[in-house]
>>> print(open('my_file-v5.txt').read())   # compact mmCIF, C-alpha atoms
# COMPACT_ATOMS: atom_id res chain seq x y z
CA MET P 1 7.05 11.15 -5.41
CA THR P 2 7.72 12.32 -8.93
CA ASN P 3 5.65 11.74 -12.03
CA LEU P 4 8.36 9.33 -13.18
CA ILE P 5 6.78 6.70 -10.96
CA GLN P 6 3.33 7.21 -12.49
CA ASP P 7 4.88 7.34 -15.95
CA SER P 8 6.47 3.91 -15.50
CA LEU P 9 3.30 2.02 -14.49
CA ASP P 10 2.06 -0.66 -16.83
CA ALA P 11 -1.22 -2.58 -16.72
CA THR P 12 0.22 -5.28 -14.42
CA ASP P 13 1.48 -2.71 -11.92
CA CYS P 14 -1.95 -1.07 -11.95
CA ARG P 15 -3.68 -4.41 -11.31
CA ILE P 16 -1.32 -5.03 -8.37
CA LEU P 17 -2.15 -1.59 -6.96
CA GLU P 18 -5.89 -2.13 -7.42
CA HIS P 19 -5.80 -5.49 -5.61
CA MET P 20 -3.61 -4.11 -2.81
CA GLN P 21 -5.99 -1.18 -2.30
CA GLU P 22 -8.91 -3.59 -2.17
CA ASP P 23 -7.25 -5.93 0.36
CA CYS P 24 -3.68 -5.35 1.50
CA ARG P 25 -3.78 -8.59 3.50
CA ILE P 26 -3.97 -10.64 0.33
CA THR P 27 -1.23 -13.28 0.20
CA LEU P 28 1.44 -13.12 -2.46
CA GLY P 29 0.06 -16.39 -3.87
CA GLN P 30 -3.45 -14.97 -4.14
CA LEU P 31 -2.17 -11.74 -5.67
CA SER P 32 -0.02 -13.48 -8.25
CA GLU P 33 -2.94 -15.72 -9.19
CA ARG P 34 -5.32 -12.79 -9.60
CA ILE P 35 -2.96 -10.87 -11.87
CA ASN P 36 -1.85 -14.00 -13.72
CA LEU P 37 1.85 -13.70 -12.87
CA SER P 38 4.11 -16.12 -11.03
CA GLN P 39 5.02 -15.28 -7.43
CA THR P 40 8.63 -14.14 -7.91
CA PRO P 41 7.93 -11.51 -10.61
CA CYS P 42 4.83 -10.45 -8.69
CA TRP P 43 6.91 -9.99 -5.51
CA ARG P 44 9.56 -8.00 -7.46
CA ARG P 45 6.92 -5.65 -8.85
CA LEU P 46 5.27 -5.22 -5.46
CA LYS P 47 8.66 -4.51 -3.86
CA LYS P 48 9.42 -1.94 -6.61
CA LEU P 49 6.12 -0.19 -5.92
CA GLU P 50 6.87 -0.12 -2.18
CA ASP P 51 10.50 1.02 -2.64
CA SER P 52 9.41 3.82 -4.99
CA GLY P 53 7.10 5.18 -2.29
CA LEU P 54 4.00 4.76 -4.45
CA ILE P 55 2.74 2.27 -1.85
CA ALA P 56 3.20 4.46 1.21
CA GLY P 57 2.10 1.92 3.82
CA TYR P 58 -0.51 -0.55 4.94
CA ARG P 59 -3.22 0.09 7.51
CA ALA P 60 -6.61 -1.00 8.73
CA ASN P 61 -9.64 1.18 7.95
CA ILE P 62 -11.52 1.69 11.20
CA ASP P 63 -15.28 2.27 11.11
CA LYS P 64 -15.75 5.62 12.89
CA LYS P 65 -19.25 4.87 14.17
CA LYS P 66 -18.32 1.44 15.51
CA ALA P 67 -15.34 3.07 17.24
CA GLY P 68 -17.80 5.41 18.98
CA TYR P 69 -17.41 8.57 16.86
CA SER P 70 -20.91 9.51 15.73
CA VAL P 71 -20.12 13.12 14.78
CA VAL P 72 -18.02 14.06 11.76
CA GLY P 73 -17.51 17.72 11.02
CA PHE P 74 -15.70 19.76 8.42
CA SER P 75 -14.24 23.06 9.56
CA GLN P 76 -12.88 25.78 7.34
CA VAL P 77 -10.28 27.70 9.33
CA SER P 78 -9.02 31.17 8.44
CA LEU P 79 -5.93 32.56 10.11
CA ASN P 80 -5.56 36.22 10.98
CA ASP P 81 -1.77 36.14 10.56
CA HIS P 82 -0.15 34.29 7.67
CA THR P 83 3.49 34.60 8.63
CA PRO P 84 5.43 31.33 8.27
CA GLY P 85 5.88 31.10 12.04
CA ASN P 86 2.12 31.26 12.65
CA THR P 87 1.17 28.84 9.88
CA ASP P 88 3.87 26.40 11.03
CA HIS P 89 2.63 26.74 14.62
CA PHE P 90 -0.99 26.10 13.58
CA GLU P 91 -0.03 23.05 11.52
CA GLN P 92 2.10 21.63 14.34
CA ILE P 93 -0.78 21.94 16.81
CA ILE P 94 -3.20 20.32 14.36
CA HIS P 95 -0.77 17.40 13.91
CA ASN P 96 -1.06 16.73 17.65
CA PHE P 97 -4.88 16.41 17.61
CA ASP P 98 -5.64 12.75 16.91
CA TRP P 99 -9.29 13.69 16.40
CA VAL P 100 -8.40 15.75 13.32
CA LEU P 101 -8.42 13.08 10.62
CA MET P 102 -7.57 15.33 7.72
CA CYS P 103 -6.13 18.81 7.28
CA TYR P 104 -5.50 20.54 3.97
CA CYS P 105 -4.06 23.97 3.38
CA THR P 106 -6.43 25.46 0.81
CA ALA P 107 -6.72 28.28 -1.66
CA GLY P 108 -9.96 30.20 -1.61
CA SER P 109 -12.03 31.70 1.16
CA GLY P 110 -10.34 29.77 3.98
CA ASP P 111 -6.79 28.80 4.78
CA TYR P 112 -7.37 25.22 5.98
CA ILE P 113 -10.08 22.60 5.92
CA LEU P 114 -10.20 20.02 8.70
CA GLN P 115 -12.15 16.81 9.16
CA ILE P 116 -12.92 16.36 12.85
CA ILE P 117 -14.49 13.42 14.65
CA ALA P 118 -16.20 13.37 18.05
CA LYS P 119 -18.32 11.03 20.12
CA ASN P 120 -21.15 13.55 20.44
CA LEU P 121 -22.00 17.21 19.77
CA ASP P 122 -20.75 18.37 23.18
CA GLU P 123 -17.33 16.85 22.50
CA PHE P 124 -17.38 18.30 18.99
CA TYR P 125 -18.05 21.76 20.43
CA GLU P 126 -15.09 21.33 22.82
CA ARG P 127 -12.84 20.44 19.89
CA ILE P 128 -13.94 23.45 17.84
CA THR P 129 -13.33 25.63 20.90
CA GLU P 130 -9.83 24.18 21.26
CA ILE P 131 -9.06 25.07 17.64
CA ARG P 132 -10.57 28.54 18.07
CA ARG P 133 -8.14 29.16 20.95
CA ILE P 134 -5.08 28.66 18.74
CA GLN P 135 -3.36 32.05 18.66
CA SER P 136 -3.52 32.84 14.94
CA VAL P 137 -7.04 31.47 14.24
CA GLY P 138 -9.29 34.27 13.03
CA SER P 139 -12.48 32.40 12.17
CA ILE P 140 -13.97 28.96 11.77
CA GLN P 141 -16.92 27.89 9.65
CA THR P 142 -18.13 24.39 10.42
CA SER P 143 -20.51 21.95 8.79
CA VAL P 144 -21.56 18.76 10.51
CA GLY P 145 -22.01 15.68 8.36
CA ILE P 146 -25.41 14.06 8.70
CA LYS P 147 -24.88 11.12 6.35
CA GLU P 148 -21.74 9.64 4.85
CA VAL P 149 -22.51 9.17 1.18
CA LYS P 150 -19.07 8.04 0.01
CA TRP P 151 -15.77 7.39 1.70
CA THR P 152 -12.72 5.87 0.11
CA ASN P 153 -8.99 6.02 0.28
CA ARG P 154 -8.58 4.23 -3.03
CA VAL P 155 -6.61 6.11 -5.65
CA PRO P 156 -7.47 5.40 -9.30
CA VAL P 157 -4.43 4.02 -11.11
CA ARG P 158 -4.07 3.72 -14.83
CA PRO P 159 -1.21 2.48 -16.98
CA SER P 160 0.92 5.14 -18.60
CA ARG P 161 1.46 3.09 -21.74
>>> encode(input="my_file-v5.txt", output="structure tokens")
Amino acid sequence: MTNLIQDSLDATDCRILEHMQEDCRITLGQLSERINLSQTPCWRRLKKLEDSGLIAGYRANIDKKKAGYSVVGFSQVSLNDHTPGNTDHFEQIIHNFDWVLMCYCTAGSGDYILQIIAKNLDEFYERITEIRRIQSVGSIQTSVGIKEVKWTNRVPVRPSR
């Protein structure tokens, strides 16, 4: 996505995005009423936002604890070999772990930061061990979350004009 998409957002587009982030199951009628726009122009704007890739998809947010995952950890992983083949290999393996919810390549003291979920500490230890066994992993520093203070996937949107 280029900045051209962000640069073309007006206040109505931003209101659509805010409402869709709040509840993507909102009907077109409800959405058009909330943003004070008739259904056809509202649908066109929504379709434009989807086609541009700014709206990348729709999904349900699952409560981790209610799904049985009581442990959330954050692991900083450093590789001992930074060749493209090794970093690609590491990233491919991480993609296959459904219990890794987030992985960012980072600048700083570590190469990657991962968010890992587990049902209990024993399972969490097994998952850290599995990561440690990846060929190019040099070290892992892990913190276990004890209380979720804030979680969101909402992106702030503001009009460009």
>>> atom_distance(input="my_file-v5.txt", atom1="CA of Ile93 (chain P)", atom2="CA of Lys147 (chain P)")
28.4 Å
>>> residues_around(input="my_file-v5.txt", residues="region 83-89 of chain P", least_positions_apart="3", cutoff="12 Å", atoms="only C-alpha atoms", output="list in words")
Val77, Ser78, Leu79, Asn80, Gln92, Ile93, Ile94, His95, Asn96, Cys105, Asp111, Tyr112, Ile134, Gln135, Ser136, Val137 and Gly138 of chain P
>>> atom_distance(input="my_file-v5.txt", atom1="CA of Leu31 (chain P)", atom2="CA of Trp151 (chain P)")
24.6 Å
>>> closest_residue(input="my_file-v5.txt", among="P:Gln76, P:Thr106, P:Met20, P:Arg34", to="Ser139 (chain P)", atoms="only C-alpha atoms")
P:Gln76
>>> closest_residue(input="my_file-v5.txt", among="P:Tyr69, P:Phe90, P:Ser38, P:Asp81", to="Asn120 (chain P)", atoms="only C-alpha atoms")
P:Tyr69
>>> atom_distance(input="my_file-v5.txt", atom1="CA of Tyr125 (chain P)", atom2="CA of Asn153 (chain P)")
27.1 Å
>>> closest_residue(input="my_file-v5.txt", among="P:Ile117, P:Ile26, P:Val72, P:Ala11", to="Glu148 (chain P)", atoms="all atoms listed in the file")
P:Val72
>>> residues_around(input="my_file-v5.txt", residues="Glu18 (chain P)", least_positions_apart="3", cutoff="9 Å", atoms="all atoms listed in the file", output="compact mmCIF listing (two decimals) with C-alpha atoms, in the coordinates of the input")
# COMPACT_ATOMS: atom_id res chain seq x y z
CA ASP P 13 1.48 -2.71 -11.92
CA CYS P 14 -1.95 -1.07 -11.95
CA ARG P 15 -3.68 -4.41 -11.31
CA GLN P 21 -5.99 -1.18 -2.30
CA GLU P 22 -8.91 -3.59 -2.17
CA ASP P 23 -7.25 -5.93 0.36
CA ARG P 154 -8.58 4.23 -3.03
CA VAL P 155 -6.61 6.11 -5.65
CA PRO P 156 -7.47 5.40 -9.30
CA VAL P 157 -4.43 4.02 -11.11
>>> closest_residue(input="my_file-v5.txt", among="P:Leu46, P:Leu17, P:Gly110, P:Asp63", to="His82 (chain P)", atoms="only C-alpha atoms")
P:Gly110
>>> residues_around(input="my_file-v5.txt", residues="Pro41 (chain P)", least_positions_apart="3", cutoff="12 Å", atoms="all atoms listed in the file", output="PyMOL selection string")
chain P and resi 12-13+16+28-29+31-33+35-38+44-48
>>> decode(input="my_file-v5.txt", residues="region 28-140 of chain P", atoms="C-alpha atoms", output="JSON list (two decimals), in the first residue's frame")
[["chain", "number", "residue", "atom", "x", "y", "z"],
["P", 28, "LEU", "CA", -24.56, -1.41, 4.91],
["P", 29, "GLY", "CA", -27.80, 0.26, 6.04],
["P", 30, "GLN", "CA", -26.49, 0.77, 9.57],
["P", 31, "LEU", "CA", -23.15, 2.04, 8.29],
["P", 32, "SER", "CA", -24.69, 4.50, 5.86],
["P", 33, "GLU", "CA", -26.99, 5.78, 8.61],
["P", 34, "ARG", "CA", -24.12, 6.27, 11.06],
["P", 35, "ILE", "CA", -22.02, 8.24, 8.59],
["P", 36, "ASN", "CA", -25.02, 10.12, 7.20],
["P", 37, "LEU", "CA", -24.63, 8.95, 3.61],
["P", 38, "SER", "CA", -27.06, 7.03, 1.42],
["P", 39, "GLN", "CA", -26.36, 3.34, 0.85],
["P", 40, "THR", "CA", -25.07, 3.45, -2.74],
["P", 41, "PRO", "CA", -22.34, 6.09, -2.18],
["P", 42, "CYS", "CA", -21.48, 4.39, 1.11],
["P", 43, "TRP", "CA", -21.10, 1.03, -0.68],
["P", 44, "ARG", "CA", -18.93, 2.65, -3.40],
["P", 45, "ARG", "CA", -16.61, 4.17, -0.80],
["P", 46, "LEU", "CA", -16.40, 0.91, 1.15],
["P", 47, "LYS", "CA", -15.65, -1.00, -2.07],
["P", 48, "LYS", "CA", -12.93, 1.55, -2.96],
["P", 49, "LEU", "CA", -11.33, 1.08, 0.45],
["P", 50, "GLU", "CA", -11.41, -2.71, 0.02],
["P", 51, "ASP", "CA", -10.12, -2.62, -3.58],
["P", 52, "SER", "CA", -7.25, -0.30, -2.59],
["P", 53, "GLY", "CA", -6.10, -2.86, -0.02],
["P", 54, "LEU", "CA", -6.52, -0.42, 2.87],
["P", 55, "ILE", "CA", -9.17, -2.79, 4.25],
["P", 56, "ALA", "CA", -7.12, -5.97, 4.13],
["P", 57, "GLY", "CA", -9.81, -8.36, 5.35],
["P", 58, "TYR", "CA", -12.42, -9.15, 7.95],
["P", 59, "ARG", "CA", -12.00, -11.51, 10.89],
["P", 60, "ALA", "CA", -13.26, -12.38, 14.33],
["P", 61, "ASN", "CA", -11.15, -11.44, 17.36],
["P", 62, "ILE", "CA", -10.85, -14.54, 19.52],
["P", 63, "ASP", "CA", -10.40, -14.16, 23.28],
["P", 64, "LYS", "CA", -7.15, -16.03, 24.03],
["P", 65, "LYS", "CA", -8.09, -16.97, 27.59],
["P", 66, "LYS", "CA", -11.54, -18.23, 26.65],
["P", 67, "ALA", "CA", -9.89, -20.29, 23.89],
["P", 68, "GLY", "CA", -7.71, -21.91, 26.57],
["P", 69, "TYR", "CA", -4.45, -19.97, 26.13],
["P", 70, "SER", "CA", -3.58, -18.59, 29.56],
["P", 71, "VAL", "CA", 0.10, -17.86, 28.82],
["P", 72, "VAL", "CA", 1.25, -15.08, 26.52],
["P", 73, "GLY", "CA", 4.95, -14.55, 26.09],
["P", 74, "PHE", "CA", 7.17, -12.20, 24.15],
["P", 75, "SER", "CA", 10.46, -13.60, 22.91],
["P", 76, "GLN", "CA", 13.33, -11.63, 21.47],
["P", 77, "VAL", "CA", 15.25, -13.92, 19.13],
["P", 78, "SER", "CA", 18.79, -13.29, 17.92],
["P", 79, "LEU", "CA", 20.21, -15.28, 15.04],
["P", 80, "ASN", "CA", 23.84, -16.34, 14.89],
["P", 81, "ASP", "CA", 23.90, -16.24, 11.08],
["P", 82, "HIS", "CA", 22.25, -13.41, 9.15],
["P", 83, "THR", "CA", 22.63, -14.70, 5.61],
["P", 84, "PRO", "CA", 19.45, -14.36, 3.53],
["P", 85, "GLY", "CA", 19.07, -18.14, 3.39],
["P", 86, "ASN", "CA", 19.07, -18.44, 7.19],
["P", 87, "THR", "CA", 16.75, -15.49, 7.82],
["P", 88, "ASP", "CA", 14.35, -16.76, 5.13],
["P", 89, "HIS", "CA", 14.48, -20.24, 6.68],
["P", 90, "PHE", "CA", 13.77, -18.87, 10.17],
["P", 91, "GLU", "CA", 10.85, -16.77, 8.92],
["P", 92, "GLN", "CA", 9.37, -19.70, 6.98],
["P", 93, "ILE", "CA", 9.47, -21.93, 10.07],
["P", 94, "ILE", "CA", 7.88, -19.21, 12.22],
["P", 95, "HIS", "CA", 5.07, -18.84, 9.65],
["P", 96, "ASN", "CA", 4.22, -22.51, 10.23],
["P", 97, "PHE", "CA", 3.77, -22.13, 14.01],
["P", 98, "ASP", "CA", 0.12, -21.21, 14.57],
["P", 99, "TRP", "CA", 0.96, -20.43, 18.19],
["P", 100, "VAL", "CA", 3.19, -17.53, 17.13],
["P", 101, "LEU", "CA", 0.65, -14.72, 16.82],
["P", 102, "MET", "CA", 3.07, -12.01, 15.82],
["P", 103, "CYS", "CA", 6.60, -11.84, 14.48],
["P", 104, "TYR", "CA", 8.51, -8.68, 13.64],
["P", 105, "CYS", "CA", 12.01, -8.36, 12.29],
["P", 106, "THR", "CA", 13.54, -5.67, 14.49],
["P", 107, "ALA", "CA", 16.46, -3.31, 14.68],
["P", 108, "GLY", "CA", 18.26, -3.16, 17.98],
["P", 109, "SER", "CA", 19.56, -5.81, 20.33],
["P", 110, "GLY", "CA", 17.55, -8.68, 18.82],
["P", 111, "ASP", "CA", 16.67, -9.74, 15.30],
["P", 112, "TYR", "CA", 13.02, -10.72, 15.85],
["P", 113, "ILE", "CA", 10.32, -10.32, 18.45],
["P", 114, "LEU", "CA", 7.61, -12.97, 18.70],
["P", 115, "GLN", "CA", 4.32, -13.12, 20.56],
["P", 116, "ILE", "CA", 3.67, -16.70, 21.61],
["P", 117, "ILE", "CA", 0.60, -18.23, 23.22],
["P", 118, "ALA", "CA", 0.33, -21.46, 25.20],
["P", 119, "LYS", "CA", -2.18, -23.24, 27.39],
["P", 120, "ASN", "CA", 0.23, -23.43, 30.34],
["P", 121, "LEU", "CA", 3.88, -22.85, 31.27],
["P", 122, "ASP", "CA", 4.93, -26.41, 30.35],
["P", 123, "GLU", "CA", 3.56, -25.95, 26.84],
["P", 124, "PHE", "CA", 5.17, -22.52, 26.64],
["P", 125, "TYR", "CA", 8.53, -24.05, 27.56],
["P", 126, "GLU", "CA", 8.09, -26.65, 24.80],
["P", 127, "ARG", "CA", 7.41, -23.89, 22.28],
["P", 128, "ILE", "CA", 10.47, -21.89, 23.32],
["P", 129, "THR", "CA", 12.53, -25.09, 23.05],
["P", 130, "GLU", "CA", 11.19, -25.67, 19.54],
["P", 131, "ILE", "CA", 12.28, -22.18, 18.51],
["P", 132, "ARG", "CA", 15.67, -22.63, 20.18],
["P", 133, "ARG", "CA", 16.23, -25.73, 18.03],
["P", 134, "ILE", "CA", 15.94, -23.77, 14.77],
["P", 135, "GLN", "CA", 19.39, -23.99, 13.18],
["P", 136, "SER", "CA", 20.35, -20.30, 13.06],
["P", 137, "VAL", "CA", 18.89, -19.25, 16.45],
["P", 138, "GLY", "CA", 21.67, -17.98, 18.70],
["P", 139, "SER", "CA", 19.73, -16.76, 21.73],
["P", 140, "ILE", "CA", 16.26, -16.08, 23.05]]
